[in-house]
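What's in upload_14.tsv: TSV, C-alpha atoms and all ligand atoms
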chain	number	residue	atom	x	y	z
A	122	MET	CA	-66.75	-45.44	94.38
A	123	PRO	CA	-64.89	-44.58	91.14
A	124	ILE	CA	-66.92	-44.49	87.91
A	125	PHE	CA	-65.74	-46.05	84.63
A	126	LEU	CA	-66.79	-46.19	81.01
A	127	ASP	CA	-66.19	-49.82	80.11
A	128	MET	CA	-66.27	-50.72	76.41
A	129	HIS	CA	-66.28	-54.35	75.38
A	130	GLU	CA	-67.41	-56.75	72.72
A	131	LEU	CA	-70.51	-58.84	73.22
A	132	GLY	CA	-68.64	-62.20	73.27
A	133	ASP	CA	-71.05	-65.11	73.07
A	134	TYR	CA	-73.94	-63.04	74.41
A	135	THR	CA	-76.77	-61.24	72.69
A	136	LYS	CA	-77.51	-57.76	73.96
A	137	GLU	CA	-80.83	-59.02	75.36
A	138	GLN	CA	-78.98	-61.64	77.42
A	139	LEU	CA	-76.63	-58.96	78.79
A	140	VAL	CA	-79.49	-56.68	79.73
A	141	ALA	CA	-81.31	-59.59	81.41
A	142	GLY	CA	-78.14	-60.35	83.38
A	143	LEU	CA	-77.95	-56.82	84.87
A	144	GLU	CA	-77.68	-57.18	88.64
A	145	GLU	CA	-79.09	-54.73	91.18
A	146	ASP	CA	-76.08	-55.15	93.46
A	147	ALA	CA	-72.37	-55.12	92.81
A	148	ASP	CA	-70.83	-58.49	91.85
A	149	GLU	CA	-68.14	-60.37	93.80
A	150	PHE	CA	-65.48	-57.99	92.38
A	151	GLY	CA	-67.41	-54.88	93.46
A	152	VAL	CA	-68.48	-53.99	89.90
A	153	LEU	CA	-71.95	-52.51	89.46
A	154	VAL	CA	-73.24	-51.67	85.98
A	155	HIS	CA	-75.53	-48.63	86.07
A	156	GLN	CA	-76.26	-48.14	82.40
A	157	MET	CA	-75.56	-49.93	79.11
A	158	LEU	CA	-75.34	-48.16	75.75
A	159	PHE	CA	-75.07	-50.36	72.70
A	160	ASN	CA	-73.10	-49.20	69.64
A	161	GLU	CA	-74.82	-51.21	66.91
A	162	LYS	CA	-72.41	-50.23	64.12
A	163	GLU	CA	-69.29	-51.50	65.88
A	164	ASN	CA	-71.06	-54.17	67.92
A	165	ILE	CA	-69.62	-52.72	71.12
A	166	LEU	CA	-71.25	-52.30	74.48
A	167	HIS	CA	-70.48	-49.13	76.48
A	168	CYS	CA	-71.20	-49.68	80.15
A	169	ILE	CA	-71.26	-46.97	82.79
A	170	CYS	CA	-70.21	-48.77	85.94
A	171	THR	CA	-68.77	-48.23	89.38
A	172	ALA	CA	-65.89	-50.42	90.49
A	173	PRO	CA	-63.04	-50.32	93.05
A	174	ASP	CA	-60.46	-50.23	90.20
A	175	VAL	CA	-59.70	-51.27	86.62
A	176	ALA	CA	-58.48	-54.72	87.76
A	177	ALA	CA	-61.95	-55.47	89.18
A	178	ILE	CA	-63.55	-54.70	85.81
A	179	GLU	CA	-61.01	-56.95	84.07
A	180	LYS	CA	-61.91	-59.82	86.41
A	181	HIS	CA	-65.58	-59.13	85.66
A	182	HIS	CA	-64.77	-59.47	81.92
A	183	GLU	CA	-62.89	-62.74	82.49
A	184	LYS	CA	-65.90	-64.16	84.27
A	185	PHE	CA	-68.15	-63.43	81.30
A	186	ASN	CA	-65.41	-64.19	78.76
A	187	VAL	CA	-65.84	-60.92	76.87
A	188	LYS	CA	-63.01	-59.06	75.14
A	189	CYS	CA	-62.30	-55.65	76.57
A	190	LYS	CA	-61.79	-52.71	74.18
A	191	LYS	CA	-61.15	-49.88	76.60
A	192	ILE	CA	-61.77	-48.87	80.23
A	193	ILE	CA	-61.85	-45.12	80.87
A	194	PRO	CA	-62.18	-43.60	84.35
A	195	ILE	CA	-64.82	-40.83	84.41
A	196	ASN	CA	-65.10	-37.92	86.77
A	197	GLN	CA	-68.66	-37.31	87.80
A	198	ILE	CA	-69.73	-33.73	87.22
A	199	LYS	CA	-72.49	-32.95	89.65
A	200	THR	CA	-75.24	-30.67	88.42
A	201	ASP	CA	-76.70	-28.10	90.80
A	202	LYS	CA	-79.81	-30.31	91.01
A	203	VAL	CA	-77.80	-33.37	92.14
A	204	ILE	CA	-75.89	-31.28	94.71
A	205	LYS	CA	-79.15	-29.83	96.03
A	206	GLU	CA	-80.74	-33.29	96.27
A	207	GLU	CA	-77.73	-34.67	98.13
A	208	LYS	CA	-77.73	-31.74	100.55
A	209	LEU	CA	-81.47	-32.10	101.17
A	210	LYS	CA	-81.08	-35.82	101.82
A	211	THR	CA	-78.39	-35.15	104.45
A	212	ILE	CA	-80.39	-32.31	106.02
A	213	GLY	CA	-83.45	-34.57	105.97
A	214	GLU	CA	-81.80	-37.44	107.83
A	215	LEU	CA	-80.30	-35.13	110.44
A	216	SER	CA	-83.47	-33.09	110.91
A	217	SER	CA	-85.63	-36.16	111.26
A	218	ARG	CA	-83.46	-37.41	114.15
A	219	LEU	CA	-83.19	-33.99	115.75
A	220	SER	CA	-86.93	-33.30	115.47
A	221	HIS	CA	-87.82	-36.48	117.30
A	222	ASP	CA	-85.18	-35.81	119.96
A	223	ILE	CA	-86.31	-32.22	120.57
A	224	ARG	CA	-90.03	-33.03	120.91
A	225	ASN	CA	-89.64	-34.96	124.21
A	226	PRO	CA	-87.79	-32.31	126.25
A	227	LEU	CA	-90.12	-29.71	124.73
A	228	THR	CA	-93.14	-31.56	126.12
A	229	ILE	CA	-91.41	-31.66	129.52
A	230	LEU	CA	-90.90	-27.87	129.39
A	231	GLN	CA	-94.55	-27.28	128.43
A	232	THR	CA	-95.88	-29.56	131.17
A	233	SER	CA	-93.56	-28.05	133.81
A	234	LEU	CA	-94.67	-24.55	132.86
A	235	ASP	CA	-98.33	-25.63	133.16
A	236	VAL	CA	-97.64	-27.11	136.63
A	237	LEU	CA	-95.73	-23.99	137.77
A	238	ARG	CA	-98.60	-21.87	136.54
A	239	SER	CA	-101.37	-23.76	138.31
A	240	ASN	CA	-99.37	-24.27	141.57
A	241	ASN	CA	-98.35	-20.61	141.78
A	242	PRO	CA	-101.18	-18.45	140.50
A	243	GLU	CA	-99.69	-15.34	142.11
A	244	THR	CA	-96.28	-15.80	140.53
A	245	TYR	CA	-98.00	-16.44	137.23
A	246	GLU	CA	-100.08	-13.25	137.49
A	247	LYS	CA	-96.96	-11.22	138.34
A	248	ASN	CA	-94.94	-12.70	135.45
A	249	ILE	CA	-97.65	-13.23	132.90
A	250	SER	CA	-95.71	-11.72	130.00
A	251	ARG	CA	-92.64	-13.87	130.77
A	252	PHE	CA	-94.84	-16.99	130.89
A	253	ASN	CA	-96.42	-16.02	127.57
A	254	THR	CA	-93.00	-15.47	126.01
A	255	MET	CA	-91.99	-18.98	127.11
A	256	TYR	CA	-95.26	-20.50	125.81
A	257	ASP	CA	-94.76	-18.66	122.49
A	258	ALA	CA	-91.19	-19.91	122.19
A	259	ILE	CA	-92.33	-23.51	122.79
A	260	LYS	CA	-95.10	-23.10	120.18
A	261	ARG	CA	-92.65	-21.72	117.64
A	262	ILE	CA	-90.21	-24.60	118.10
A	263	ASP	CA	-93.11	-27.04	117.88
A	264	HIS	CA	-94.33	-25.38	114.66
A	265	GLN	CA	-90.87	-25.65	113.08
A	266	ILE	CA	-90.65	-29.33	114.05
A	267	SER	CA	-94.09	-30.02	112.56
A	268	ASP	CA	-92.95	-28.36	109.34
A	269	VAL	CA	-89.78	-30.43	109.21
A	270	LEU	CA	-91.63	-33.66	109.91
A	271	GLY	CA	-94.32	-32.76	107.39
A	272	PHE	CA	-91.63	-31.97	104.85
A	273	LEU	CA	-89.91	-35.28	105.46
A	274	GLY	CA	-93.20	-37.15	105.43
A	275	THR	CA	-91.97	-39.35	108.26
A	276	ARG	CA	-95.07	-39.30	110.45
A	277	LYS	CA	-97.23	-42.38	110.20
A	278	LEU	CA	-100.75	-41.26	109.37
A	279	ASN	CA	-103.62	-42.33	111.57
A	280	PHE	CA	-106.89	-41.81	109.70
A	281	THR	CA	-109.98	-41.01	111.77
A	282	GLU	CA	-113.34	-39.39	111.11
A	283	THR	CA	-113.13	-35.91	112.66
A	284	ASP	CA	-115.26	-32.76	112.62
A	285	LEU	CA	-113.62	-30.12	110.44
A	286	ASP	CA	-114.40	-27.50	113.11
A	287	ASP	CA	-112.39	-29.47	115.70
A	288	ILE	CA	-109.31	-29.52	113.45
A	289	LEU	CA	-109.69	-25.83	112.59
A	290	ASN	CA	-110.17	-24.81	116.24
A	291	SER	CA	-107.13	-26.82	117.24
A	292	SER	CA	-105.15	-25.24	114.38
A	293	ILE	CA	-105.72	-21.71	115.60
A	294	GLU	CA	-105.59	-22.56	119.31
A	295	GLY	CA	-102.80	-20.55	120.90
A	296	MET	CA	-102.06	-18.74	117.64
A	297	LYS	CA	-101.47	-15.01	118.08
A	298	ILE	CA	-104.19	-13.51	115.91
A	299	PRO	CA	-104.06	-9.69	115.82
A	300	THR	CA	-107.31	-8.16	117.07
A	301	GLN	CA	-107.96	-6.49	113.70
A	302	ILE	CA	-107.94	-9.84	111.91
A	303	VAL	CA	-111.22	-11.75	111.72
A	304	VAL	CA	-111.23	-15.50	111.10
A	305	GLU	CA	-114.60	-16.64	109.71
A	306	MET	CA	-115.22	-20.36	110.25
A	307	PRO	CA	-117.21	-22.50	107.78
A	308	GLN	CA	-120.97	-22.05	108.04
A	309	ASN	CA	-121.68	-25.75	107.48
A	310	LYS	CA	-120.66	-28.72	109.65
A	311	ILE	CA	-118.73	-31.46	107.93
A	312	SER	CA	-116.50	-34.31	108.99
A	313	LEU	CA	-113.26	-35.44	107.39
A	314	ASN	CA	-111.51	-38.77	107.22
A	315	CYS	CA	-107.92	-37.70	107.80
A	316	ASP	CA	-104.93	-37.75	110.14
A	317	PHE	CA	-105.87	-35.13	112.74
A	318	GLU	CA	-102.33	-34.06	113.71
A	319	SER	CA	-100.98	-33.60	110.23
A	320	MET	CA	-104.13	-31.91	108.90
A	321	ARG	CA	-103.87	-29.50	111.84
A	322	THR	CA	-100.32	-28.70	110.66
A	323	VAL	CA	-101.65	-28.03	107.14
A	324	PHE	CA	-104.45	-25.72	108.28
A	325	SER	CA	-102.31	-23.82	110.80
A	326	ASN	CA	-99.61	-23.21	108.19
A	327	ILE	CA	-102.10	-21.84	105.68
A	328	ILE	CA	-103.82	-19.67	108.31
A	329	LEU	CA	-100.49	-18.43	109.67
A	330	ASN	CA	-99.31	-17.51	106.17
A	331	ALA	CA	-102.57	-15.61	105.64
A	332	ILE	CA	-102.13	-13.72	108.92
A	333	GLN	CA	-98.52	-12.88	108.02
A	334	ALA	CA	-99.58	-11.71	104.55
A	335	MET	CA	-102.21	-9.33	105.91
A	336	ASN	CA	-100.16	-6.98	108.02
A	337	ASP	CA	-102.36	-7.02	111.14
A	338	THR	CA	-105.69	-6.11	109.51
A	339	GLY	CA	-108.07	-8.13	107.37
A	340	LYS	CA	-110.27	-11.17	107.08
A	341	ILE	CA	-109.71	-14.89	106.60
A	342	ILE	CA	-112.77	-16.70	105.29
A	343	ILE	CA	-112.77	-20.49	105.59
A	344	LYS	CA	-115.32	-22.39	103.53
A	345	ALA	CA	-116.01	-26.10	103.27
A	346	LEU	CA	-117.60	-27.62	100.21
A	347	LYS	CA	-118.78	-31.22	99.86
A	348	LYS	CA	-118.67	-32.64	96.36
A	349	GLU	CA	-119.56	-36.12	95.18
A	350	ASP	CA	-116.22	-37.71	95.98
A	351	SER	CA	-114.18	-34.92	97.57
A	352	ILE	CA	-114.22	-32.19	100.18
A	353	SER	CA	-112.69	-28.77	99.51
A	354	ILE	CA	-111.61	-26.52	102.34
A	355	SER	CA	-110.73	-23.05	101.09
A	356	PHE	CA	-108.88	-20.31	102.98
A	357	GLU	CA	-109.41	-16.90	101.47
A	358	ASN	CA	-107.59	-13.85	102.79
A	359	SER	CA	-107.94	-10.15	102.11
A	360	GLY	CA	-104.17	-9.57	101.92
A	361	PRO	CA	-102.27	-8.58	98.79
A	362	ALA	CA	-102.07	-11.03	95.89
A	363	ILE	CA	-99.12	-13.44	95.68
A	364	PRO	CA	-96.79	-11.78	93.14
A	365	GLU	CA	-96.94	-13.48	89.72
A	366	LYS	CA	-93.17	-14.05	89.65
A	367	ILE	CA	-93.14	-16.11	92.87
A	368	ILE	CA	-96.40	-18.00	92.50
A	369	SER	CA	-94.73	-20.99	90.79
A	370	LYS	CA	-92.10	-21.19	93.55
A	371	ILE	CA	-94.10	-21.04	96.76
A	372	PHE	CA	-94.30	-24.85	97.07
A	373	ASP	CA	-90.53	-25.21	96.50
A	374	THR	CA	-88.46	-26.54	99.39
A	375	LEU	CA	-86.84	-23.72	101.39
A	376	PHE	CA	-88.49	-20.96	99.30
A	377	THR	CA	-89.37	-18.02	101.52
A	378	THR	CA	-89.78	-14.26	101.22
A	379	LYS	CA	-89.72	-13.84	105.01
A	380	GLN	CA	-86.74	-12.96	107.14
A	381	GLU	CA	-87.61	-15.60	109.74
A	382	GLY	CA	-89.27	-18.11	107.42
A	383	THR	CA	-87.87	-21.57	106.81
A	384	GLY	CA	-89.72	-22.06	103.53
A	385	LEU	CA	-90.83	-25.50	104.69
A	386	GLY	CA	-94.45	-24.56	105.52
A	387	LEU	CA	-96.18	-25.00	102.18
A	388	VAL	CA	-94.00	-27.85	100.96
A	389	SER	CA	-94.96	-29.72	104.16
A	390	CYS	CA	-98.64	-28.94	103.54
A	391	LYS	CA	-98.34	-30.25	99.98
A	392	ASN	CA	-96.61	-33.46	101.16
A	393	ILE	CA	-99.23	-34.10	103.84
A	394	VAL	CA	-102.19	-33.40	101.54
A	395	GLU	CA	-100.66	-35.65	98.85
A	396	GLN	CA	-100.23	-38.40	101.47
A	397	HIS	CA	-104.00	-38.08	101.90
A	398	GLY	CA	-104.43	-38.48	98.12
A	399	GLY	CA	-105.41	-34.81	97.73
A	400	LYS	CA	-104.01	-31.58	96.34
A	401	ILE	CA	-103.71	-27.87	97.14
A	402	GLU	CA	-104.84	-25.25	94.65
A	403	ILE	CA	-103.99	-21.55	94.81
A	404	LYS	CA	-105.48	-18.52	93.18
A	405	ASN	CA	-105.28	-14.75	93.51
A	406	ASN	CA	-107.94	-12.04	93.79
A	407	PRO	CA	-108.74	-12.85	96.50
A	408	THR	CA	-105.75	-14.93	97.63
A	409	THR	CA	-107.17	-18.40	98.21
A	410	PHE	CA	-105.55	-21.71	99.19
A	411	THR	CA	-107.88	-24.67	98.66
A	412	VAL	CA	-107.19	-28.09	100.13
A	413	ILE	CA	-109.01	-30.78	98.15
A	414	LEU	CA	-109.28	-34.18	99.81
A	415	PRO	CA	-110.83	-37.30	98.29
A	416	GLN	CA	-113.60	-38.56	100.57
A	417	LYS	CA	-116.34	-41.10	100.57
A	418	ILE	CA	-119.31	-38.91	101.43
A	419	LYS	CA	-121.77	-40.69	103.65
B	501	LIG	N1	-101.49	-16.29	101.95
B	501	LIG	C1	-100.38	-15.86	101.33
B	501	LIG	N2	-100.36	-14.65	100.73
B	501	LIG	C2	-99.25	-14.20	100.09
B	501	LIG	N3	-98.09	-14.91	100.00
B	501	LIG	C3	-98.06	-16.12	100.57
B	501	LIG	C4	-99.18	-16.67	101.26
B	501	LIG	N4	-98.85	-17.90	101.71
B	501	LIG	C5	-97.57	-18.10	101.34
B	501	LIG	N5	-97.09	-17.05	100.67
B	501	LIG	C6	-95.73	-16.92	100.08
B	501	LIG	O1	-95.18	-18.23	99.97
B	501	LIG	C7	-93.90	-18.29	100.62
B	501	LIG	C8	-93.66	-19.70	101.13
B	501	LIG	O2	-94.55	-20.00	102.21
B	501	LIG	P1	-94.15	-21.12	103.27
B	501	LIG	O3	-95.27	-21.23	104.23
B	501	LIG	O4	-93.72	-22.33	102.54
B	501	LIG	O5	-92.85	-20.55	103.96
B	501	LIG	P2	-92.76	-19.29	104.95
B	501	LIG	O6	-94.12	-18.90	105.44
B	501	LIG	O7	-91.98	-18.23	104.23
B	501	LIG	O8	-91.88	-19.85	106.14
B	501	LIG	P3	-92.39	-20.88	107.32
B	501	LIG	O9	-93.77	-21.32	106.95
B	501	LIG	O10	-91.42	-21.99	107.27
B	501	LIG	O11	-92.35	-20.08	108.57
B	501	LIG	C9	-93.97	-17.22	101.69
B	501	LIG	O12	-92.68	-16.78	102.07
B	501	LIG	C10	-94.78	-16.14	100.98
B	501	LIG	O13	-93.96	-15.35	100.15
B	502	MG	MG	-95.41	-20.38	106.25

Just give me the structure as structure tokens.
Amino acid sequence: MPIFLDMHELGDYTKEQLVAGLEEDADEFGVLVHQMLFNEKENILHCICTAPDVAAIEKHHEKFNVKCKKIIPINQIKTDKVIKEEKLKTIGELSSRLSHDIRNPLTILQTSLDVLRSNNPETYEKNISRFNTMYDAIKRIDHQISDVLGFLGTRKLNFTETDLDDILNSSIEGMKIPTQIVVEMPQNKISLNCDFESMRTVFSNIILNAIQAMNDTGKIIIKALKKEDSISISFENSGPAIPEKIISKIFDTLFTTKQEGTGLGLVSCKNIVEQHGGKIEIKNNPTTFTVILPQKIK
């Protein structure tokens, strides 16, 4: 819709009356006022509005009986930020639809593979590496979909009381952990009030990032700490520190330093944790990601 700068006198109205009369939707002529700037010295109102054409704005003036000074069409100059936001919105809508549509056939593939495997143990034994490649591919697609859905924040959360160990075990289940990498689970048993599925996405993303950062050898230490009104789950890894110059960007949408990364992992984690009313803190030496969730400790 074309944008105009519409300058007119106040007529019989006070500026307060005009502001109070601002509508959220376009009027019967298709005119929508987005912003009003009042020039006190000349007693003129400058309105930024969208309208089908100049004639529509003139009709709008007639209705309010205000004298028009000037109507200037404006070309909108889009900043990089606006362009990026528009692109992300389009990608978001498309991805959300696609993600939901891909999940169903993916479940069919997974179930069929499981059936093939248990009905034909010999074939499975003979083709074990092919089966594993297929399982890995399904897992990878599933991981990307979880990231996209986490990023879009479209999943409805279902809060339940769950043992932290259960979520952590499910997060690493099926993950390819190199033999030289040790994952140390929390020493204490605690339960969390959270959405199991999305918290599993958070933990598996953080653990996967740690594995990828460590180049096949090292240690991931997971600790759980109960405080008065929150629970902290920290993931420490012995990999190199996150370089100072990228540390402020790692939660940015699509930021990645990896050839095959989407850069949606951490932004999804942040969205999910914030949906739980919590936050994620990071620090170096040793590299540690801490998920802090508000909880009523029983
Ligand atoms: N534990 C870590 N140690 C060092 N750098 C990390 C760690 N976790 C994340 N990063 C840095 O943060 C960046 C963003 O991480 P994020 O999980 O959002 O995306 P990604 O891992 O690159 O891709 P994806 O998760 O979509 O596969 C990574 O590319 C990496 O540079
Ligand atoms: Mg990642």

Around all the atoms of stretch 248-259 of chain A listed in the file, with 3 Å of room on each side, what axis-aligned box do you get, giving centre and edge lengths in Å to one decimal, as JSON?
{"center_x": -94.4, "center_y": -17.6, "center_z": 128.8, "size_x": 12.5, "size_y": 17.8, "size_z": 19.3}

### Distance of atom CA of A:Asp201 from atom CA of A:Glu395, expressed in Å to one decimal place
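About the pair atom CA of A:Glu395 and atom CA of A:Asp201: they are 26.4 Å apart.
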
### Message
Could you list, as JSON, numbers by chain, all residues that come within 6 Å of ligand LIG 501 (chain B)? Count all atoms listed in the file.
### Response
{"A": [330, 331, 334, 362, 363, 371, 376, 377, 378, 379, 382, 383, 384, 385, 386, 387, 388]}

### Top pick for closest residue to A:Ile178, considering A:Asp146, A:Glu163, A:Glu206, A:Asp127 and counting all atoms listed in the file
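Closest to A:Ile178 of all the choices is A:Asp127.
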
## Note on the structure
Expressed in Å, the length from atom CA of A:Thr300 to atom CA of A:Asp337 is 7.8 Å

### 8 Å contact set for stretch 346-355 of chain A, all atoms listed in the file, chain neighbours under 5 positions out, as a list in words
Leu313, Thr409, Phe410, Thr411, Val412, Ile413, Leu414, Pro415, Gln416, Lys417 and Ile418 of chain A

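When atom CA of A:Glu402 is paired with atom CA of A:Ser319, their separation reads 18.1 Å.
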
### Task
Point out the residue among A:Asp263, A:Glu161, A:Glu137, A:Glu145 with the least atom-to-atom distance to A:Thr228, counting all atoms listed in the file.
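Under the stated criterion, the closest residue is A:Asp263.
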
### Task
Give the answer as one residue: which of A:Gly213, A:Pro226, A:Pro299, A:Gly151 has the shortest atom-to-atom distance to A:Leu270, using all atoms listed in the file?
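Of all the options, A:Gly213 lies closest to A:Leu270.
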
### Message
Would you pick out the contacts of A:Lys310 at 8 Å or less, using only C-alpha atoms, so that residues sharing its chain but fewer than 5 positions from it are not included, and give the list as a ChimeraX atom specification?
### Response
/A:284-286

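By chain and then residue number, the residues within 12 Å of A:Asn248 are Leu237, Arg238, Asn241, Pro242, Thr254 and Met255 of chain A, counting all atoms listed in the file and disregarding those fewer than 6 positions away in sequence.
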
### Query
Which of these residues is nearest to ligand MG 502 (chain B), using all atoms listed in the file: A:Glu357, A:Glu243, A:Asp268, A:Asp373?
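Under the stated criterion, the closest residue is A:Asp268.
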
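Selection around (-66.2, -52.4, 71.6) with radius 6 Å, counting all atoms listed in the file, yields the residues Met128, His129, Glu130, Ile165, Leu166 and Lys190 of chain A.
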
Distance cut-off 10 Å, centre (-71.1, -62.9, 77.4) in file coordinates, counting all atoms listed in the file: which residues qualify? Return them as a short mmCIF file (atom, residue, chain, number, x, y, z; two decimals) with C-alpha atoms, in the coordinates of the input.
data_model
loop_
_atom_site.label_atom_id
_atom_site.label_comp_id
_atom_site.auth_asym_id
_atom_site.auth_seq_id
_atom_site.Cartn_x
_atom_site.Cartn_y
_atom_site.Cartn_z
CA GLU A 130 -67.41 -56.75 72.72
CA LEU A 131 -70.51 -58.84 73.22
CA GLY A 132 -68.64 -62.20 73.27
CA ASP A 133 -71.05 -65.11 73.07
CA TYR A 134 -73.94 -63.04 74.41
CA THR A 135 -76.77 -61.24 72.69
CA LYS A 136 -77.51 -57.76 73.96
CA GLN A 138 -78.98 -61.64 77.42
CA LEU A 139 -76.63 -58.96 78.79
CA GLY A 142 -78.14 -60.35 83.38
CA HIS A 182 -64.77 -59.47 81.92
CA GLU A 183 -62.89 -62.74 82.49
CA LYS A 184 -65.90 -64.16 84.27
CA PHE A 185 -68.15 -63.43 81.30
CA ASN A 186 -65.41 -64.19 78.76
CA VAL A 187 -65.84 -60.92 76.87
CA LYS A 188 -63.01 -59.06 75.14
#

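You can rank A:Asn253, A:Thr171, A:Asn279, A:Gln301 by their closest distance to A:Val152 using all atoms listed in the file, and at the top of that list sits A:Thr171.
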
Could all heavy atoms be built for stretch 404-411 of chain A and written out as a compact mmCIF listing (two decimals), keeping the file's coordinate frame?
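Result went into out_3.txt, see below:
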# COMPACT_ATOMS: atom_id res chain seq x y z
N LYS A 404 -105.08 -19.53 94.15
CA LYS A 404 -105.48 -18.52 93.18
C LYS A 404 -105.41 -17.15 93.84
O LYS A 404 -105.40 -17.05 95.07
CB LYS A 404 -106.86 -18.80 92.59
CG LYS A 404 -108.03 -18.62 93.52
CD LYS A 404 -109.32 -18.62 92.69
CE LYS A 404 -110.46 -17.95 93.43
NZ LYS A 404 -110.30 -16.54 93.75
N ASN A 405 -105.33 -16.13 93.01
CA ASN A 405 -105.28 -14.75 93.51
C ASN A 405 -106.63 -14.07 93.33
O ASN A 405 -107.49 -14.57 92.63
CB ASN A 405 -104.21 -13.98 92.75
CG ASN A 405 -102.87 -14.07 93.48
OD1 ASN A 405 -102.81 -14.14 94.71
ND2 ASN A 405 -101.79 -14.06 92.71
N ASN A 406 -106.74 -12.90 93.92
CA ASN A 406 -107.94 -12.04 93.79
C ASN A 406 -109.27 -12.74 94.12
O ASN A 406 -110.02 -13.03 93.19
CB ASN A 406 -108.03 -11.43 92.38
CG ASN A 406 -106.79 -10.67 92.05
OD1 ASN A 406 -106.31 -9.87 92.85
ND2 ASN A 406 -106.23 -10.95 90.87
N PRO A 407 -109.58 -12.99 95.33
CA PRO A 407 -108.74 -12.85 96.50
C PRO A 407 -107.81 -14.05 96.66
O PRO A 407 -108.11 -15.13 96.12
CB PRO A 407 -109.77 -12.82 97.64
CG PRO A 407 -110.91 -13.62 97.13
CD PRO A 407 -110.95 -13.42 95.65
N THR A 408 -106.72 -13.85 97.41
CA THR A 408 -105.75 -14.93 97.63
C THR A 408 -106.46 -16.09 98.31
O THR A 408 -107.01 -15.94 99.40
CB THR A 408 -104.60 -14.44 98.54
OG1 THR A 408 -104.19 -13.17 98.10
CG2 THR A 408 -103.44 -15.42 98.54
N THR A 409 -106.45 -17.25 97.66
CA THR A 409 -107.17 -18.40 98.21
C THR A 409 -106.34 -19.67 98.08
O THR A 409 -105.84 -19.98 97.00
CB THR A 409 -108.52 -18.61 97.49
OG1 THR A 409 -109.20 -17.36 97.43
CG2 THR A 409 -109.39 -19.62 98.20
N PHE A 410 -106.19 -20.38 99.18
CA PHE A 410 -105.55 -21.71 99.19
C PHE A 410 -106.67 -22.71 99.41
O PHE A 410 -107.41 -22.62 100.40
CB PHE A 410 -104.51 -21.81 100.32
CG PHE A 410 -103.23 -21.09 100.01
CD1 PHE A 410 -103.17 -19.70 100.05
CD2 PHE A 410 -102.09 -21.80 99.66
CE1 PHE A 410 -101.99 -19.03 99.75
CE2 PHE A 410 -100.91 -21.13 99.36
CZ PHE A 410 -100.85 -19.75 99.39
N THR A 411 -106.81 -23.67 98.50
CA THR A 411 -107.88 -24.67 98.66
C THR A 411 -107.29 -26.07 98.80
O THR A 411 -106.51 -26.51 97.94
CB THR A 411 -108.84 -24.62 97.45
OG1 THR A 411 -109.29 -23.29 97.29
CG2 THR A 411 -110.04 -25.53 97.68
